[in-house]
Amino acid sequence: MKNICKSLTIIIFLIIGIACKTNKYSFVNEYPVKQLPLIDSTNFSNHVEGKLLSKEEQKLLKLPSIFEDQLNNEKAKIGISYLPKISDNFQSVVFYFYPNNVEIISMLVNYDKDFTIINSQVLAYDEITDGMLKTTSKLDKNRIELTEYISDNPSTLYFKISNDGNISRE
């Protein structure tokens with residue numbers, strides 16, 4: 001009877017261990033999910049820096065392919081802002097990125113189920129040196145309405161988000 005109890009205990013611990021095992025991308029699920037439509041107006045006045053991504057997490061999410069050498073700047077900082085619920089067909093992540101002390105970028109990245117990048121698009125941009133350029137976006141399930149303000153003169157660009165996560169200019 002003692003051996004049966006020991007065996008059952010070991011089996012239970014193994015089952016619990018397997019059930020609790022997380023994949024290497026599980027840290028992404030720690031961030032808030034946001035329902036659409038939403039406005040992204042990330043700027044220096046309204047953004048609070050959260051937990052930064054480690055170099056390992058940046059590589060895992062393939063961010064060097066988007067931000068290229070900018071991530072090598074010692075002043076560069078990047079983190080996850082939120083997870084917009086665009087589709088069940090792909091995973092969407094919005095990152096905040098400080099390439100330096102005077103710029104902030106909010107970037108939407110769509111990933112397939114294996115976290116391979118499908119496409120990306122800037123949602124918001126702010127710079128505080130000249131104050132000449134600012135960008136905000138309205139994000140919906142199948143469209144991004146991006147408004148650029150150059151010296152306070154707005155112009156609007158539209159992008160389509162397809163069912164497979166690809167983003168293209170309309």
# chains A, B, ... in the order shown; residues from 1 in each chain; ligands from 1
>>> residues_around(residues="stretch 140-156 of chain A", least_positions_apart="2", cutoff="8 Å", atoms="only C-alpha atoms", output="tab-separated table (two decimals) with N, CA, C and O atoms, in the first residue's frame")
chain	number	residue	atom	x	y	z
A	36	LEU	N	-10.78	46.51	-28.97
A	36	LEU	CA	-10.79	47.53	-30.01
A	36	LEU	C	-12.20	48.06	-30.20
A	36	LEU	O	-13.16	47.37	-29.88
A	37	PRO	N	-12.36	49.24	-30.76
A	37	PRO	CA	-11.34	50.17	-31.23
A	37	PRO	C	-10.66	50.88	-30.06
A	37	PRO	O	-11.22	50.96	-28.97
A	38	LEU	N	-9.45	51.39	-30.33
A	38	LEU	CA	-8.74	52.16	-29.32
A	38	LEU	C	-7.87	53.20	-30.00
A	38	LEU	O	-7.54	53.09	-31.18
A	85	LYS	N	-6.60	43.09	-28.99
A	85	LYS	CA	-7.33	41.89	-29.43
A	85	LYS	C	-7.86	42.14	-30.84
A	85	LYS	O	-9.00	42.52	-31.04
A	86	ILE	N	-6.99	41.92	-31.84
A	86	ILE	CA	-7.36	42.15	-33.23
A	86	ILE	C	-8.01	40.93	-33.85
A	86	ILE	O	-9.02	41.02	-34.53
A	87	SER	N	-7.43	39.74	-33.59
A	87	SER	CA	-7.92	38.53	-34.24
A	87	SER	C	-7.50	37.30	-33.46
A	87	SER	O	-6.50	37.31	-32.73
A	123	LEU	N	2.32	53.06	-34.59
A	123	LEU	CA	1.02	53.59	-34.20
A	123	LEU	C	1.13	55.02	-33.67
A	123	LEU	O	0.26	55.83	-33.91
A	131	GLY	N	9.92	69.18	-31.55
A	131	GLY	CA	8.47	69.19	-31.42
A	131	GLY	C	7.76	69.34	-32.75
A	131	GLY	O	6.62	69.79	-32.81
A	132	MET	N	8.43	68.97	-33.82
A	132	MET	CA	7.88	69.15	-35.17
A	132	MET	C	7.01	67.98	-35.63
A	132	MET	O	6.16	68.14	-36.48
A	133	LEU	N	7.24	66.79	-35.08
A	133	LEU	CA	6.55	65.61	-35.58
A	133	LEU	C	5.92	64.84	-34.43
A	133	LEU	O	6.55	64.58	-33.41
A	134	LYS	N	4.66	64.46	-34.64
A	134	LYS	CA	3.90	63.67	-33.68
A	134	LYS	C	2.94	62.80	-34.48
A	134	LYS	O	2.41	63.24	-35.50
A	135	THR	N	2.72	61.58	-34.03
A	135	THR	CA	1.81	60.66	-34.71
A	135	THR	C	0.91	59.99	-33.69
A	135	THR	O	1.37	59.60	-32.61
A	136	THR	N	-0.37	59.84	-34.03
A	136	THR	CA	-1.32	59.08	-33.22
A	136	THR	C	-2.10	58.16	-34.15
A	136	THR	O	-2.09	58.34	-35.37
A	137	SER	N	-2.77	57.16	-33.56
A	137	SER	CA	-3.53	56.21	-34.38
A	137	SER	C	-4.82	55.79	-33.71
A	137	SER	O	-4.91	55.72	-32.49
A	138	LYS	N	-5.78	55.47	-34.57
A	138	LYS	CA	-6.98	54.77	-34.14
A	138	LYS	C	-6.84	53.36	-34.69
A	138	LYS	O	-6.69	53.17	-35.90
A	158	TYR	N	-4.16	55.60	-44.08
A	158	TYR	CA	-4.97	54.45	-43.69
A	158	TYR	C	-4.25	53.16	-44.06
A	158	TYR	O	-3.64	53.06	-45.13
A	159	PHE	N	-4.32	52.20	-43.14
A	159	PHE	CA	-3.71	50.89	-43.35
A	159	PHE	C	-4.74	49.81	-43.10
A	159	PHE	O	-5.54	49.91	-42.17
A	160	LYS	N	-4.72	48.80	-43.94
A	160	LYS	CA	-5.65	47.66	-43.81
A	160	LYS	C	-4.94	46.53	-43.08
A	160	LYS	O	-3.77	46.23	-43.36
A	161	ILE	N	-5.63	45.91	-42.14
A	161	ILE	CA	-5.12	44.72	-41.46
A	161	ILE	C	-5.91	43.54	-42.00
A	161	ILE	O	-7.13	43.45	-41.81
A	162	SER	N	-5.25	42.64	-42.72
A	162	SER	CA	-5.95	41.50	-43.33
A	162	SER	C	-6.16	40.39	-42.30
A	162	SER	O	-5.62	40.42	-41.19
A	163	ASN	N	-6.94	39.39	-42.68
A	163	ASN	CA	-7.27	38.28	-41.78
A	163	ASN	C	-6.05	37.47	-41.36
A	163	ASN	O	-6.10	36.77	-40.35
>>> residues_around(residues="A:His47", least_positions_apart="4", cutoff="12 Å", atoms="only C-alpha atoms", output="list in words")
Asp40, Ser41, Thr42, Asn43, Gly79, Ser81, Phe95, Tyr96, Phe97, Tyr98, Glu103, Ile104, Ile105, Ser106, Ala124, Tyr125 and Asp126 of chain A
>>> residues_around(residues="stretch 62-70 of chain A", least_positions_apart="5", cutoff="10 Å", atoms="only C-alpha atoms", output="list in words")
Lys55, Glu56, Glu57, Lys75, Ala76, Lys77, Ile78, Phe95, Phe97, Tyr98, Pro99, Asn100, Met107, Val109, Phe115, Thr116, Ile117, Asn119, Ser120 and Gln121 of chain A
>>> write_last_selection(atoms="C-alpha atoms", output="compact mmCIF listing (two decimals), in the first residue's frame")
# COMPACT_ATOMS: atom_id res chain seq x y z
CA LYS A 55 17.96 41.28 -24.55
CA GLU A 56 16.94 37.61 -24.60
CA GLU A 57 13.23 38.51 -24.77
CA LYS A 75 20.08 54.58 -24.08
CA ALA A 76 17.50 52.50 -26.00
CA LYS A 77 14.65 51.02 -23.94
CA ILE A 78 11.86 48.74 -25.07
CA PHE A 95 5.68 47.79 -27.94
CA PHE A 97 10.42 51.97 -27.76
CA TYR A 98 12.70 54.76 -26.66
CA PRO A 99 15.53 54.80 -29.24
CA ASN A 100 17.10 57.63 -27.21
CA MET A 107 4.82 49.91 -32.60
CA VAL A 109 3.67 43.87 -34.35
CA PHE A 115 5.74 34.11 -32.93
CA THR A 116 7.14 34.65 -36.39
CA ILE A 117 6.62 38.28 -37.38
CA ASN A 119 4.09 42.56 -40.17
CA SER A 120 4.50 45.75 -38.12
CA GLN A 121 3.33 49.35 -38.16
>>> select_by_dssp(residues="stretch 24-130 of chain A", states="strand (DSSP E)", output="PDB file with C-alpha atoms, in the first residue's frame")
ATOM      1  CA  VAL A  33      -5.273  42.801 -23.337  1.00  0.00           C
ATOM      2  CA  LYS A  34      -7.121  45.779 -24.829  1.00  0.00           C
ATOM      3  CA  LEU A  38      -8.739  52.156 -29.324  1.00  0.00           C
ATOM      4  CA  ILE A  39      -6.657  55.295 -29.717  1.00  0.00           C
ATOM      5  CA  ASP A  40      -2.883  55.073 -29.294  1.00  0.00           C
ATOM      6  CA  LYS A  77      14.654  51.023 -23.937  1.00  0.00           C
ATOM      7  CA  ILE A  78      11.859  48.743 -25.071  1.00  0.00           C
ATOM      8  CA  GLY A  79       8.879  47.140 -23.379  1.00  0.00           C
ATOM      9  CA  ILE A  80       5.394  45.844 -24.059  1.00  0.00           C
ATOM     10  CA  SER A  81       2.544  48.335 -23.679  1.00  0.00           C
ATOM     11  CA  TYR A  82      -0.463  46.100 -24.327  1.00  0.00           C
ATOM     12  CA  LEU A  83      -1.930  43.278 -26.408  1.00  0.00           C
ATOM     13  CA  PRO A  84      -4.678  44.537 -28.730  1.00  0.00           C
ATOM     14  CA  GLN A  91      -1.085  37.471 -31.905  1.00  0.00           C
ATOM     15  CA  SER A  92      -0.725  41.271 -31.749  1.00  0.00           C
ATOM     16  CA  VAL A  93       1.678  43.097 -29.446  1.00  0.00           C
ATOM     17  CA  VAL A  94       2.189  46.854 -29.067  1.00  0.00           C
ATOM     18  CA  PHE A  95       5.684  47.793 -27.938  1.00  0.00           C
ATOM     19  CA  TYR A  96       6.921  51.110 -26.624  1.00  0.00           C
ATOM     20  CA  PHE A  97      10.420  51.970 -27.762  1.00  0.00           C
ATOM     21  CA  TYR A  98      12.704  54.764 -26.659  1.00  0.00           C
ATOM     22  CA  GLU A 103      11.961  59.983 -29.051  1.00  0.00           C
ATOM     23  CA  ILE A 104       9.269  57.453 -28.197  1.00  0.00           C
ATOM     24  CA  ILE A 105       7.605  55.053 -30.639  1.00  0.00           C
ATOM     25  CA  SER A 106       4.548  52.857 -30.189  1.00  0.00           C
ATOM     26  CA  MET A 107       4.816  49.905 -32.596  1.00  0.00           C
ATOM     27  CA  LEU A 108       2.208  47.273 -33.445  1.00  0.00           C
ATOM     28  CA  VAL A 109       3.673  43.873 -34.345  1.00  0.00           C
ATOM     29  CA  ASN A 110       1.534  40.983 -35.572  1.00  0.00           C
ATOM     30  CA  TYR A 111       2.888  37.467 -35.015  1.00  0.00           C
ATOM     31  CA  ILE A 117       6.624  38.278 -37.382  1.00  0.00           C
ATOM     32  CA  ILE A 118       3.886  38.776 -39.974  1.00  0.00           C
ATOM     33  CA  ASN A 119       4.090  42.561 -40.175  1.00  0.00           C
ATOM     34  CA  SER A 120       4.496  45.745 -38.118  1.00  0.00           C
ATOM     35  CA  GLN A 121       3.328  49.352 -38.164  1.00  0.00           C
ATOM     36  CA  VAL A 122       4.101  52.477 -36.142  1.00  0.00           C
ATOM     37  CA  LEU A 123       1.017  53.589 -34.199  1.00  0.00           C
ATOM     38  CA  ALA A 124       2.378  56.613 -32.350  1.00  0.00           C
ATOM     39  CA  TYR A 125       5.531  58.704 -32.388  1.00  0.00           C
ATOM     40  CA  ASP A 126       6.680  61.661 -30.335  1.00  0.00           C
ATOM     41  CA  GLU A 127       9.916  63.605 -30.195  1.00  0.00           C
TER      42      GLU A 127
END
>>> closest_residue(among="A:Asn29, A:Ser54, A:Ser168, A:Asn101", to="A:Asn73", atoms="only C-alpha atoms")
A:Asn101
>>> select_by_dssp(residues="stretch 8-124 of chain A", states="helix (DSSP H, G or I)", output="PyMOL selection string")
chain A and resi 8-20+26-30+55-60+64-72
